[in-house]
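Enquirer: What follows is entry.txt, compact mmCIF, C-alpha atoms and all ligand atoms.
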# COMPACT_ATOMS: atom_id res chain seq x y z
CA MET X 1 26.48 149.56 248.01
CA SER X 2 25.43 148.77 244.46
CA LEU X 3 22.15 147.23 243.36
CA ASN X 4 22.21 143.74 241.87
CA SER X 5 20.89 143.07 238.37
CA ASP X 6 17.41 142.01 239.59
CA GLN X 7 17.10 145.20 241.58
CA ARG X 8 18.25 147.30 238.65
CA THR X 9 15.69 145.57 236.41
CA ILE X 10 12.91 146.33 238.89
CA GLN X 11 14.14 149.90 239.25
CA THR X 12 13.96 150.42 235.48
CA TRP X 13 10.56 148.72 235.22
CA VAL X 14 9.02 150.85 237.98
CA HIS X 15 10.71 154.00 236.68
CA ASP X 16 9.27 153.41 233.20
CA PHE X 17 5.83 152.92 234.76
CA ALA X 18 6.26 156.18 236.69
CA VAL X 19 7.22 158.03 233.49
CA SER X 20 4.43 156.63 231.35
CA SER X 21 1.57 156.09 233.81
CA MET X 22 2.12 158.46 236.73
CA ARG X 23 3.71 161.71 235.62
CA PRO X 24 1.08 162.37 232.88
CA ILE X 25 -1.90 162.03 235.27
CA ALA X 26 -0.42 163.34 238.53
CA HIS X 27 -1.66 166.91 238.17
CA GLU X 28 -5.18 165.80 237.24
CA TRP X 29 -5.60 163.53 240.29
CA ASP X 30 -4.12 166.14 242.58
CA GLU X 31 -6.79 168.57 241.36
CA ARG X 32 -9.59 165.99 241.52
CA GLU X 33 -8.64 164.87 245.04
CA GLU X 34 -10.33 161.50 244.54
CA THR X 35 -9.14 157.92 244.80
CA PRO X 36 -7.59 157.18 241.38
CA TRP X 37 -9.19 153.79 240.79
CA PRO X 38 -8.24 153.62 237.07
CA PHE X 39 -4.61 154.10 238.07
CA ILE X 40 -4.87 151.50 240.85
CA GLN X 41 -6.41 149.14 238.30
CA GLU X 42 -3.53 149.74 235.87
CA ALA X 43 -0.88 149.24 238.56
CA ALA X 44 -2.60 145.99 239.57
CA SER X 45 -2.98 144.71 236.03
CA ILE X 46 0.73 145.05 235.27
CA GLY X 47 1.68 143.62 238.68
CA ILE X 48 3.27 146.64 240.37
CA TYR X 49 0.40 146.70 242.85
CA SER X 50 0.01 143.06 243.88
CA PHE X 51 0.58 140.65 246.70
CA GLU X 52 3.19 138.82 244.62
CA PHE X 53 5.21 141.95 243.90
CA PHE X 54 5.14 142.96 247.54
CA ALA X 55 5.98 139.43 248.75
CA ASN X 56 8.94 139.14 246.35
CA ALA X 57 10.25 142.58 247.22
CA TYR X 58 9.80 141.91 250.93
CA ALA X 59 11.62 138.57 250.63
CA ASP X 60 14.74 140.25 249.21
CA PRO X 61 17.37 139.59 251.89
CA SER X 62 19.13 142.90 251.18
CA GLY X 63 15.93 144.82 251.95
CA LEU X 64 16.62 147.24 249.10
CA THR X 65 14.19 146.10 246.40
CA LEU X 66 11.15 147.62 248.07
CA MET X 67 13.05 150.84 248.81
CA VAL X 68 14.12 151.20 245.19
CA ALA X 69 10.58 150.56 243.91
CA LEU X 70 9.04 153.02 246.37
CA GLU X 71 11.53 155.73 245.47
CA GLU X 72 10.62 155.39 241.79
CA LEU X 73 6.86 155.40 242.48
CA ALA X 74 7.10 158.53 244.62
CA TRP X 75 9.35 160.08 241.97
CA GLY X 76 6.39 159.50 239.63
CA ASP X 77 3.94 161.07 242.07
CA ALA X 78 3.62 160.80 245.83
CA GLY X 79 -0.18 160.99 245.94
CA LEU X 80 -0.61 158.24 243.34
CA CYS X 81 2.14 156.24 245.05
CA MET X 82 0.31 156.50 248.37
CA SER X 83 -2.97 155.48 246.73
CA ILE X 84 -1.44 152.05 246.19
CA MET X 85 1.28 151.88 248.82
CA GLY X 86 -0.92 153.09 251.68
CA SER X 87 -2.02 149.47 251.83
CA THR X 88 1.44 148.36 252.85
CA LEU X 89 1.00 150.02 256.24
CA ALA X 90 -1.81 147.55 256.97
CA VAL X 91 0.46 144.79 255.68
CA ALA X 92 3.18 145.96 258.09
CA GLY X 93 0.56 145.84 260.87
CA LEU X 94 -0.26 142.25 259.94
CA LEU X 95 3.42 141.30 259.76
CA ALA X 96 4.12 142.92 263.13
CA ALA X 97 1.22 141.38 265.08
CA GLY X 98 -0.42 138.56 263.12
CA THR X 99 0.18 134.83 263.32
CA PRO X 100 1.52 133.20 260.10
CA GLU X 101 -2.01 131.89 259.42
CA GLN X 102 -3.52 135.36 259.82
CA GLN X 103 -0.86 136.84 257.57
CA MET X 104 -1.60 134.27 254.86
CA GLU X 105 -5.31 134.95 255.12
CA TRP X 106 -5.28 138.74 255.24
CA ILE X 107 -2.21 140.07 253.42
CA PRO X 108 -3.38 138.95 249.95
CA ALA X 109 -6.81 140.44 250.74
CA CYS X 110 -5.15 143.84 251.26
CA PHE X 111 -4.28 143.89 247.54
CA GLY X 112 -7.25 142.06 246.01
CA THR X 113 -6.65 140.56 242.58
CA PRO X 114 -5.34 142.01 239.29
CA SER X 115 -8.89 142.24 237.95
CA ASP X 116 -10.40 143.44 241.23
CA PRO X 117 -7.75 145.39 243.16
CA GLN X 118 -8.47 146.45 246.73
CA VAL X 119 -6.78 148.77 249.21
CA ALA X 120 -6.10 148.38 252.93
CA ALA X 121 -5.88 150.72 255.92
CA PHE X 122 -3.97 150.81 259.20
CA ALA X 123 -5.95 152.79 261.76
CA VAL X 124 -4.23 154.00 264.89
CA SER X 125 -4.58 157.80 265.13
CA GLU X 126 -7.52 159.48 266.81
CA ALA X 127 -8.40 163.15 267.14
CA ASP X 128 -6.94 163.21 270.66
CA ALA X 129 -4.22 160.61 270.14
CA GLY X 130 -1.78 161.27 267.32
CA SER X 131 1.82 161.34 268.51
CA ASP X 132 0.68 159.99 271.86
CA VAL X 133 -0.57 156.61 270.72
CA SER X 134 -0.71 155.42 274.32
CA SER X 135 -3.86 157.49 274.87
CA LEU X 136 -6.10 155.79 272.30
CA ARG X 137 -9.75 155.77 273.29
CA THR X 138 -11.04 153.22 270.79
CA ARG X 139 -12.05 150.31 272.94
CA ALA X 140 -12.20 146.57 272.19
CA VAL X 141 -14.18 144.41 274.60
CA TYR X 142 -14.31 140.63 274.43
CA ASP X 143 -17.74 139.00 274.52
CA GLU X 144 -17.07 135.54 275.93
CA ALA X 145 -20.54 134.20 275.14
CA SER X 146 -20.30 134.79 271.40
CA ASP X 147 -16.50 134.66 271.08
CA GLU X 148 -16.58 138.10 269.49
CA TRP X 149 -14.76 141.39 269.99
CA VAL X 150 -16.86 144.54 270.09
CA LEU X 151 -15.10 147.75 269.00
CA ASN X 152 -16.19 151.33 269.60
CA GLY X 153 -14.38 154.56 268.72
CA THR X 154 -13.43 156.98 265.96
CA LYS X 155 -10.14 156.95 264.10
CA ALA X 156 -8.88 160.14 262.43
CA TRP X 157 -6.80 160.85 259.29
CA ILE X 158 -6.74 157.24 258.13
CA THR X 159 -5.22 156.53 254.71
CA ASN X 160 -7.83 154.49 252.80
CA GLY X 161 -10.11 154.75 255.83
CA GLY X 162 -13.59 153.47 255.06
CA ILE X 163 -12.76 152.44 251.48
CA ALA X 164 -10.40 149.62 252.43
CA ALA X 165 -11.16 145.92 251.99
CA VAL X 166 -9.15 145.28 255.15
CA HIS X 167 -8.83 147.65 258.11
CA VAL X 168 -6.17 146.82 260.68
CA VAL X 169 -7.32 148.71 263.76
CA VAL X 170 -5.37 149.31 266.95
CA ALA X 171 -7.63 149.54 270.01
CA THR X 172 -7.24 149.46 273.73
CA VAL X 173 -8.19 146.29 275.53
CA ASP X 174 -7.08 147.42 278.99
CA PRO X 175 -6.96 151.24 279.27
CA THR X 176 -5.14 151.07 282.63
CA LEU X 177 -2.06 149.72 280.82
CA GLY X 178 -1.70 152.55 278.26
CA ALA X 179 0.14 151.46 275.14
CA ARG X 180 0.80 148.02 276.62
CA GLY X 181 -2.93 147.40 276.90
CA GLN X 182 -3.52 147.74 273.15
CA ALA X 183 -4.05 145.13 270.45
CA SER X 184 -4.57 145.04 266.68
CA PHE X 185 -7.69 143.69 265.01
CA VAL X 186 -8.66 142.94 261.43
CA ILE X 187 -11.98 144.37 260.29
CA PRO X 188 -13.03 143.44 256.77
CA ALA X 189 -15.14 145.79 254.63
CA GLY X 190 -18.85 145.31 255.08
CA THR X 191 -18.65 144.46 258.77
CA PRO X 192 -21.72 146.00 260.46
CA GLY X 193 -20.70 148.92 262.69
CA LEU X 194 -17.71 149.93 260.52
CA ARG X 195 -18.16 153.03 258.40
CA MET X 196 -16.32 155.96 256.91
CA GLY X 197 -16.72 159.31 258.66
CA ALA X 198 -15.60 162.63 257.20
CA LYS X 199 -13.17 162.62 254.28
CA PHE X 200 -10.37 165.15 254.82
CA GLN X 201 -9.38 167.71 252.20
CA LYS X 202 -5.62 168.05 252.18
CA MET X 203 -2.72 170.23 251.20
CA GLY X 204 -0.81 167.46 249.41
CA ILE X 205 -0.85 163.77 248.41
CA ARG X 206 -4.39 164.51 247.34
CA ALA X 207 -4.79 161.39 245.21
CA SER X 208 -4.54 159.44 248.45
CA HIS X 209 -7.80 159.08 250.38
CA THR X 210 -7.73 160.18 254.03
CA ALA X 211 -10.82 159.84 256.22
CA GLU X 212 -12.24 159.09 259.63
CA VAL X 213 -13.17 155.52 260.45
CA ILE X 214 -16.10 155.09 262.79
CA LEU X 215 -16.57 151.93 264.82
CA ASP X 216 -19.99 151.70 266.36
CA ASP X 217 -20.58 148.43 268.24
CA CYS X 218 -18.56 146.79 265.52
CA ARG X 219 -18.54 143.02 266.19
CA ILE X 220 -15.85 140.78 264.78
CA PRO X 221 -15.07 137.09 265.37
CA GLY X 222 -12.56 136.32 268.14
CA ARG X 223 -10.07 135.01 265.58
CA PHE X 224 -9.73 138.53 264.05
CA LEU X 225 -7.59 139.57 267.03
CA LEU X 226 -4.05 139.65 265.61
CA GLY X 227 -1.70 137.27 267.38
CA GLY X 228 -4.56 135.41 269.08
CA ARG X 229 -6.07 135.49 272.54
CA ASP X 230 -3.43 133.45 274.38
CA ARG X 231 -0.63 135.72 273.26
CA LEU X 232 -2.66 138.79 274.24
CA GLU X 233 -3.51 137.42 277.70
CA GLU X 234 0.16 136.56 278.32
CA ARG X 235 1.21 140.04 277.25
CA LEU X 236 -1.39 141.73 279.44
CA ALA X 237 -0.44 139.58 282.43
CA ARG X 238 3.21 140.54 282.02
CA ALA X 239 2.28 144.21 281.74
CA ARG X 240 0.13 143.99 284.89
CA GLU X 241 3.08 142.46 286.77
CA GLY X 242 5.14 145.43 285.60
CA ALA X 243 7.50 143.23 283.57
CA ARG X 244 9.21 144.77 280.57
CA SER X 245 7.33 143.84 277.43
CA SER X 246 8.29 143.91 273.83
CA GLN X 247 7.01 146.83 271.77
CA GLN X 248 3.33 147.58 271.59
CA ALA X 249 1.31 147.02 268.42
CA ALA X 250 1.40 150.44 266.77
CA MET X 251 5.06 151.15 267.45
CA ALA X 252 6.18 147.75 266.14
CA THR X 253 4.33 148.45 262.89
CA PHE X 254 5.86 151.89 262.47
CA GLU X 255 9.35 150.49 263.00
CA LEU X 256 8.78 148.22 260.03
CA SER X 257 7.36 150.92 257.82
CA ARG X 258 9.67 153.86 258.52
CA PRO X 259 12.39 153.05 255.96
CA ALA X 260 9.64 152.59 253.36
CA VAL X 261 8.21 156.03 254.14
CA GLY X 262 11.72 157.45 253.92
CA ALA X 263 12.22 155.89 250.48
CA GLN X 264 9.10 157.67 249.21
CA ALA X 265 10.33 160.99 250.58
CA ILE X 266 13.61 160.46 248.70
CA GLY X 267 11.64 159.91 245.49
CA ILE X 268 9.93 163.31 245.85
CA ALA X 269 13.22 165.04 246.65
CA ARG X 270 14.96 163.48 243.66
CA ALA X 271 12.15 164.51 241.34
CA ALA X 272 12.47 168.12 242.49
CA PHE X 273 16.26 168.07 242.30
CA GLU X 274 16.31 166.74 238.73
CA PHE X 275 13.71 169.29 237.64
CA ALA X 276 15.62 172.17 239.24
CA LEU X 277 18.95 171.03 237.77
CA ASP X 278 17.54 170.93 234.23
CA HIS X 279 15.92 174.33 234.70
CA ALA X 280 19.09 175.88 236.13
CA LYS X 281 21.04 174.75 233.05
CA GLU X 282 18.45 176.14 230.64
CA ARG X 283 17.18 179.31 232.27
CA VAL X 284 19.19 182.32 231.12
CA GLN X 285 19.33 185.55 233.13
CA PHE X 286 21.96 188.26 232.82
CA GLY X 287 23.15 186.55 229.66
CA ARG X 288 24.10 183.19 231.16
CA PRO X 289 22.40 180.08 232.56
CA ILE X 290 21.47 180.64 236.20
CA ILE X 291 23.53 177.56 237.21
CA GLU X 292 26.63 179.64 236.50
CA ASN X 293 25.87 181.55 239.69
CA GLN X 294 27.42 179.77 242.64
CA ALA X 295 24.34 180.58 244.73
CA VAL X 296 22.40 178.28 242.41
CA SER X 297 25.01 175.60 241.71
CA PHE X 298 25.86 175.26 245.40
CA ALA X 299 22.19 174.97 246.30
CA LEU X 300 21.97 172.10 243.80
CA THR X 301 25.11 170.56 245.27
CA ASP X 302 23.62 170.65 248.75
CA MET X 303 20.36 169.20 247.48
CA ALA X 304 22.15 166.24 245.85
CA THR X 305 24.28 165.65 248.95
CA THR X 306 21.24 165.76 251.22
CA ILE X 307 19.37 163.28 249.02
CA ASP X 308 22.25 160.83 248.77
CA SER X 309 22.99 160.89 252.50
CA ALA X 310 19.32 160.39 253.39
CA ARG X 311 19.08 157.52 250.92
CA LEU X 312 22.04 155.82 252.55
CA LEU X 313 20.28 156.01 255.93
CA VAL X 314 17.10 154.57 254.37
CA TRP X 315 19.03 151.72 252.77
CA ARG X 316 20.90 151.02 256.02
CA ALA X 317 17.65 150.80 257.98
CA ALA X 318 15.99 148.66 255.30
CA SER X 319 18.97 146.33 255.21
CA MET X 320 19.03 146.03 259.01
CA ALA X 321 15.27 145.31 259.08
CA ALA X 322 15.65 142.63 256.39
CA GLN X 323 18.42 140.98 258.37
CA GLN X 324 16.38 141.34 261.57
CA GLN X 325 18.99 143.45 263.25
CA PRO X 326 17.34 145.55 265.97
CA PHE X 327 17.36 149.33 265.56
CA GLU X 328 19.44 149.93 268.68
CA ARG X 329 20.29 153.56 267.82
CA GLY X 330 16.91 154.40 266.34
CA GLU X 331 18.16 153.70 262.82
CA GLY X 332 14.61 153.42 261.41
CA SER X 333 13.72 156.79 262.88
CA MET X 334 16.99 158.33 261.66
CA ALA X 335 16.12 157.20 258.13
CA LYS X 336 12.59 158.59 258.27
CA LEU X 337 13.71 161.83 259.90
CA ALA X 338 16.53 162.50 257.43
CA ALA X 339 14.54 161.54 254.35
CA SER X 340 11.39 163.47 255.21
CA GLU X 341 13.30 166.60 256.16
CA ALA X 342 15.36 166.19 252.96
CA ALA X 343 12.17 166.11 250.89
CA VAL X 344 10.89 169.32 252.48
CA SER X 345 14.17 171.22 252.15
CA VAL X 346 15.03 169.98 248.65
CA THR X 347 11.58 170.76 247.22
CA ARG X 348 11.73 174.17 248.91
CA GLN X 349 15.13 174.92 247.35
CA ALA X 350 13.95 173.61 243.98
CA LEU X 351 11.01 176.00 244.13
CA GLN X 352 13.39 178.88 244.71
CA ILE X 353 15.50 177.86 241.72
CA LEU X 354 12.35 177.68 239.58
CA GLY X 355 11.45 181.26 240.49
CA GLY X 356 7.97 182.52 239.61
CA TYR X 357 7.24 179.51 237.41
CA GLY X 358 7.97 177.25 240.39
CA TYR X 359 5.26 178.92 242.41
CA THR X 360 2.55 178.28 239.82
CA ARG X 361 0.42 175.18 239.55
CA GLU X 362 1.69 174.63 236.01
CA CYS X 363 4.95 173.55 237.59
CA PRO X 364 5.10 170.17 239.37
CA VAL X 365 7.59 171.46 241.94
CA GLU X 366 4.75 173.35 243.64
CA ARG X 367 2.88 170.03 244.06
CA TRP X 368 6.00 168.17 245.14
CA HIS X 369 6.63 170.72 247.87
CA ARG X 370 3.05 170.40 249.14
CA ASP X 371 3.37 166.60 248.99
CA SER X 372 6.69 166.59 250.84
CA LEU X 373 5.30 168.25 253.95
CA ILE X 374 3.21 165.27 255.07
CA TYR X 375 6.35 163.13 255.32
CA THR X 376 7.53 165.04 258.41
CA ILE X 377 4.12 164.51 260.01
CA PHE X 378 2.66 161.06 259.41
CA GLU X 379 4.02 157.81 260.81
CA GLY X 380 5.60 159.81 263.59
CA THR X 381 6.46 163.51 263.29
CA SER X 382 10.08 164.61 263.03
CA GLU X 383 9.96 165.56 266.71
CA ILE X 384 8.77 162.07 267.65
CA GLN X 385 11.55 160.50 265.54
CA ARG X 386 14.04 162.65 267.45
CA LEU X 387 12.49 161.50 270.73
CA ILE X 388 12.85 157.84 269.71
CA ILE X 389 16.46 158.36 268.63
CA ALA X 390 17.23 160.20 271.88
CA ARG X 391 15.71 157.37 273.92
CA ASN X 392 17.78 154.83 272.03
CA LEU X 393 21.01 156.78 272.33
CA SER X 394 20.60 157.62 276.00
CA GLY X 395 18.91 154.46 277.27
CA LEU X 396 16.62 156.76 279.24
CA LYS X 397 12.84 156.73 279.22
CA LEU X 398 12.68 160.29 277.92
CA ARG X 399 9.14 161.65 277.64
C1 LIG Z 401 -2.47 162.59 255.09
C2 LIG Z 401 -2.40 161.85 256.39
C3 LIG Z 401 -2.44 160.47 256.38
C4 LIG Z 401 -2.41 159.77 257.59
N1 LIG Z 401 -2.52 158.40 257.57
C5 LIG Z 401 -2.64 157.74 258.75
C6 LIG Z 401 -2.94 156.33 258.75
O1 LIG Z 401 -3.07 155.70 257.70
N2 LIG Z 401 -3.08 155.73 259.95
C7 LIG Z 401 -2.97 156.40 261.13
O2 LIG Z 401 -3.14 155.77 262.16
N3 LIG Z 401 -2.69 157.72 261.16
C8 LIG Z 401 -2.54 158.40 260.00
N4 LIG Z 401 -2.30 159.76 260.01
C9 LIG Z 401 -2.16 160.47 261.29
C10 LIG Z 401 -0.72 160.86 261.58
O3 LIG Z 401 0.04 159.72 261.85
C11 LIG Z 401 -0.73 161.88 262.73
O4 LIG Z 401 -1.28 163.08 262.23
C12 LIG Z 401 0.66 162.10 263.29
O5 LIG Z 401 1.11 160.98 263.99
C13 LIG Z 401 0.72 163.32 264.24
O6 LIG Z 401 -0.29 163.28 265.19
P1 LIG Z 401 -1.21 164.57 265.42
O7 LIG Z 401 -1.69 165.00 264.09
O8 LIG Z 401 -2.21 164.27 266.46
O9 LIG Z 401 -0.23 165.68 265.95
P2 LIG Z 401 0.18 165.97 267.51
O10 LIG Z 401 0.53 164.68 268.16
O11 LIG Z 401 -0.93 166.77 268.09
O12 LIG Z 401 1.46 166.85 267.31
C14 LIG Z 401 1.39 168.25 267.04
C15 LIG Z 401 2.80 168.80 267.14
O13 LIG Z 401 3.31 168.61 268.47
C16 LIG Z 401 4.54 167.91 268.41
N5 LIG Z 401 4.68 167.02 269.56
C17 LIG Z 401 3.76 166.19 270.10
N6 LIG Z 401 4.28 165.51 271.13
C18 LIG Z 401 5.58 165.91 271.25
C19 LIG Z 401 6.65 165.55 272.10
N7 LIG Z 401 6.52 164.63 273.05
N8 LIG Z 401 7.84 166.17 271.92
C20 LIG Z 401 7.99 167.09 270.95
N9 LIG Z 401 7.01 167.46 270.10
C21 LIG Z 401 5.83 166.87 270.25
C22 LIG Z 401 4.47 167.11 267.11
O14 LIG Z 401 5.76 166.75 266.67
C23 LIG Z 401 3.77 168.09 266.20
O15 LIG Z 401 4.68 169.00 265.69
C24 LIG Z 401 -2.30 160.47 258.81
C25 LIG Z 401 -2.25 161.88 258.80
C26 LIG Z 401 -2.34 162.57 257.61
C27 LIG Z 401 -2.36 164.07 257.65
Could you express the structure from this file as structure tokens?
Expert:
Amino acid sequence: MSLNSDQRTIQTWVHDFAVSSMRPIAHEWDEREETPWPFIQEAASIGIYSFEFFANAYADPSGLTLMVALEELAWGDAGLCMSIMGSTLAVAGLLAAGTPEQQMEWIPACFGTPSDPQVAAFAVSEADAGSDVSSLRTRAVYDEASDEWVLNGTKAWITNGGIAAVHVVVATVDPTLGARGQASFVIPAGTPGLRMGAKFQKMGIRASHTAEVILDDCRIPGRFLLGGRDRLEERLARAREGARSSQQAAMATFELSRPAVGAQAIGIARAAFEFALDHAKERVQFGRPIIENQAVSFALTDMATTIDSARLLVWRAASMAAQQQPFERGEGSMAKLAASEAAVSVTRQALQILGGYGYTRECPVERWHRDSLIYTIFEGTSEIQRLIIARNLSGLKLR
């Protein structure tokens, strides 16, 4: 269960970056609620935000390197972390559905270059299709004459939506087939018919850009269909025959990304725990440090235990994914569920230990609690994770 020396080196490197380049600016970017391009530039120039870093971390056969790095970045600040790591959701979309050639073409483009960093977006959700991804309305129609796909629809709450160099968009090709009639497409920035809609103002992770993506007769070359036309036609034919198919595009992507989301949630929880522990040792009331009250020390004990157990679930899921072991008991969902709920409850308890100071915007715990709440919502709410786990455990098609 211990990290090897390479992993420990990366952990220290990313932690030092979080201390020196994230913590000092986190409050400012939360207040500004803008994309922190100078920070993205800095992360790219030192190599923490780069295709090479991601590729090396992803290639780690233990699966833990990326988890460790993400935990440290979110420990630094979840909004800043998401401003760079939001791109990895698009990368997961490319890994889940793209051919090796498409992955080689588009994954580096998601990051840009050290001197000209870019971000990427993965667009599934719509105003009327969040948890129920099978009801997407965004439509992709193939134009045989020009060998182009034409996309129409509006995506909601998309991280990096409209500012991304690469949008990976999930759309329905055959609405009669529900989720099995969907496919993923790459839409590069500047494609006519692709534009940003409203930008959302949020409760937390405010350094991360969230907006609508509008597709209005957006035409893309046939080769931008991930996986290619033959694979899609085969899949649709199987679905029409009623044969069991492998997972649909959006769900396959989320399976890959869930442990990574969990690792970020752990980073927030750990930040809050450490802050509360230090405060509890220093804050004196009734003539003694507040940690000398069992109500406080036991709360801290529970927080530490919750964090460590959630991290173990994240590491298990990441290790299984790296070794291509299927999540037969919903292990990816268990990791995301436990870690996101841990972040909410630990930051909430930390706030209580911080007292009045904790409730003010001078104190980072207030921000960490706001940030934590999105983790039980995006990439599948806690209820949806429970549904997936229940389906896996029971073998039933629970709805
Ligand atoms: C900051 C932010 C960033 C995001 N980034 C992205 C992104 O990059 N790409 C993207 O595609 N999407 C993104 N999303 C969208 C996000 O994934 C959805 O908001 C999420 O999946 C929930 O969907 P919904 O909001 O429609 O909620 P709903 O599906 O309407 O759910 C509302 C409530 O009902 C519950 N519920 C629904 N169905 C069931 C059920 N069957 N059983 C039990 N309970 C149920 C849910 O758990 C939830 O509590 C983002 C959202 C936010 C806020």
Enquirer: What lies within 12 Å of stretch 299-302 of chain X using all atoms listed in the file, ignoring chain neighbours under 5 positions off, as an MDAnalysis selection string?
Expert: chainID X and resid 269:270 272:281 290:294 307:309 342 345:354
Enquirer: Please, could you write that set of residues out with C-alpha atoms as a CSV table (one decimal), in the frame of the given file?
Expert:
chain,number,residue,atom,x,y,z
X,269,ALA,CA,13.2,165.0,246.6
X,270,ARG,CA,15.0,163.5,243.7
X,272,ALA,CA,12.5,168.1,242.5
X,273,PHE,CA,16.3,168.1,242.3
X,274,GLU,CA,16.3,166.7,238.7
X,275,PHE,CA,13.7,169.3,237.6
X,276,ALA,CA,15.6,172.2,239.2
X,277,LEU,CA,19.0,171.0,237.8
X,278,ASP,CA,17.5,170.9,234.2
X,279,HIS,CA,15.9,174.3,234.7
X,280,ALA,CA,19.1,175.9,236.1
X,281,LYS,CA,21.0,174.8,233.0
X,290,ILE,CA,21.5,180.6,236.2
X,291,ILE,CA,23.5,177.6,237.2
X,292,GLU,CA,26.6,179.6,236.5
X,293,ASN,CA,25.9,181.6,239.7
X,294,GLN,CA,27.4,179.8,242.6
X,307,ILE,CA,19.4,163.3,249.0
X,308,ASP,CA,22.2,160.8,248.8
X,309,SER,CA,23.0,160.9,252.5
X,342,ALA,CA,15.4,166.2,253.0
X,345,SER,CA,14.2,171.2,252.2
X,346,VAL,CA,15.0,170.0,248.6
X,347,THR,CA,11.6,170.8,247.2
X,348,ARG,CA,11.7,174.2,248.9
X,349,GLN,CA,15.1,174.9,247.4
X,350,ALA,CA,14.0,173.6,244.0
X,351,LEU,CA,11.0,176.0,244.1
X,352,GLN,CA,13.4,178.9,244.7
X,353,ILE,CA,15.5,177.9,241.7
X,354,LEU,CA,12.4,177.7,239.6
Enquirer: Write out as a list in words the residues lying within 12 Å of X:Ser134, counting all atoms listed in the file and excluding same-chain residues fewer than 4 positions away.
Expert: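 Residues near the query, excluding close chain neighbours: Val124, Ser125, Glu126, Asp128, Ala129, Gly130, Thr138, Val170, Ala171, Thr172, Val173, Asp174, Pro175, Thr176, Leu177, Gly178, Ala179, Arg180, Gly181, Gln182, Ala183, Gln247, Gln248, Ala249, Ala250 and Met251 of chain X.
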Enquirer: Can you tell me which residues come within 8 Å of ligand LIG 401 (chain Z) when counting all atoms listed in the file, ideally as a PDB file with C-alpha atoms, in the coordinates of the input?
Expert:
ATOM      1  CA  GLY X  86      -0.920 153.090 251.680  1.00  0.00           C
ATOM      2  CA  LEU X  89       1.000 150.020 256.240  1.00  0.00           C
ATOM      3  CA  ALA X 121      -5.880 150.720 255.920  1.00  0.00           C
ATOM      4  CA  PHE X 122      -3.970 150.810 259.200  1.00  0.00           C
ATOM      5  CA  ALA X 123      -5.950 152.790 261.760  1.00  0.00           C
ATOM      6  CA  VAL X 124      -4.230 154.000 264.890  1.00  0.00           C
ATOM      7  CA  SER X 125      -4.580 157.800 265.130  1.00  0.00           C
ATOM      8  CA  GLU X 126      -7.520 159.480 266.810  1.00  0.00           C
ATOM      9  CA  ALA X 127      -8.400 163.150 267.140  1.00  0.00           C
ATOM     10  CA  ASP X 128      -6.940 163.210 270.660  1.00  0.00           C
ATOM     11  CA  ALA X 129      -4.220 160.610 270.140  1.00  0.00           C
ATOM     12  CA  GLY X 130      -1.780 161.270 267.320  1.00  0.00           C
ATOM     13  CA  SER X 131       1.820 161.340 268.510  1.00  0.00           C
ATOM     14  CA  ASP X 132       0.680 159.990 271.860  1.00  0.00           C
ATOM     15  CA  LYS X 155     -10.140 156.950 264.100  1.00  0.00           C
ATOM     16  CA  ALA X 156      -8.880 160.140 262.430  1.00  0.00           C
ATOM     17  CA  TRP X 157      -6.800 160.850 259.290  1.00  0.00           C
ATOM     18  CA  ILE X 158      -6.740 157.240 258.130  1.00  0.00           C
ATOM     19  CA  THR X 159      -5.220 156.530 254.710  1.00  0.00           C
ATOM     20  CA  ASN X 160      -7.830 154.490 252.800  1.00  0.00           C
ATOM     21  CA  GLY X 161     -10.110 154.750 255.830  1.00  0.00           C
ATOM     22  CA  LYS X 202      -5.620 168.050 252.180  1.00  0.00           C
ATOM     23  CA  GLY X 204      -0.810 167.460 249.410  1.00  0.00           C
ATOM     24  CA  ILE X 205      -0.850 163.770 248.410  1.00  0.00           C
ATOM     25  CA  SER X 208      -4.540 159.440 248.450  1.00  0.00           C
ATOM     26  CA  HIS X 209      -7.800 159.080 250.380  1.00  0.00           C
ATOM     27  CA  THR X 210      -7.730 160.180 254.030  1.00  0.00           C
ATOM     28  CA  ILE X 374       3.210 165.270 255.070  1.00  0.00           C
ATOM     29  CA  ILE X 377       4.120 164.510 260.010  1.00  0.00           C
ATOM     30  CA  PHE X 378       2.660 161.060 259.410  1.00  0.00           C
ATOM     31  CA  GLU X 379       4.020 157.810 260.810  1.00  0.00           C
ATOM     32  CA  GLY X 380       5.600 159.810 263.590  1.00  0.00           C
ATOM     33  CA  THR X 381       6.460 163.510 263.290  1.00  0.00           C
ATOM     34  CA  SER X 382      10.080 164.610 263.030  1.00  0.00           C
ATOM     35  CA  GLU X 383       9.960 165.560 266.710  1.00  0.00           C
ATOM     36  CA  ILE X 384       8.770 162.070 267.650  1.00  0.00           C
ATOM     37  CA  LEU X 387      12.490 161.500 270.730  1.00  0.00           C
ATOM     38  CA  ARG X 399       9.140 161.650 277.640  1.00  0.00           C
TER      39      ARG X 399
END
Enquirer: Report the distance between atom CA of X:Thr154 and atom CA of X:Pro188 in Å, rounded to one decimal place.
Expert: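 Computing it gives 16.4 Å between the two atoms.
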Enquirer: Atom CA of X:Glu72 to atom CA of X:Ala165: how many Å, to one decimal?
Expert: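 So the two atoms, atom CA of X:Glu72 and atom CA of X:Ala165, lie 25.8 Å apart.
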Enquirer: Nearest to X:Ala145: which of X:Asp77, X:Pro221, X:Asp371, X:Ile187 is it, counting all atoms listed in the file?
Expert: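 Smallest distance to X:Ala145 is found for X:Pro221.
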Enquirer: Pick out the closest residue to X:Leu232 from this set: X:Val344, X:Ala295, X:Ala97, X:Val284. Count only C-alpha atoms.
Expert: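 Nearest candidate to X:Leu232 out of X:Val344, X:Ala295, X:Ala97, X:Val284: X:Ala97.
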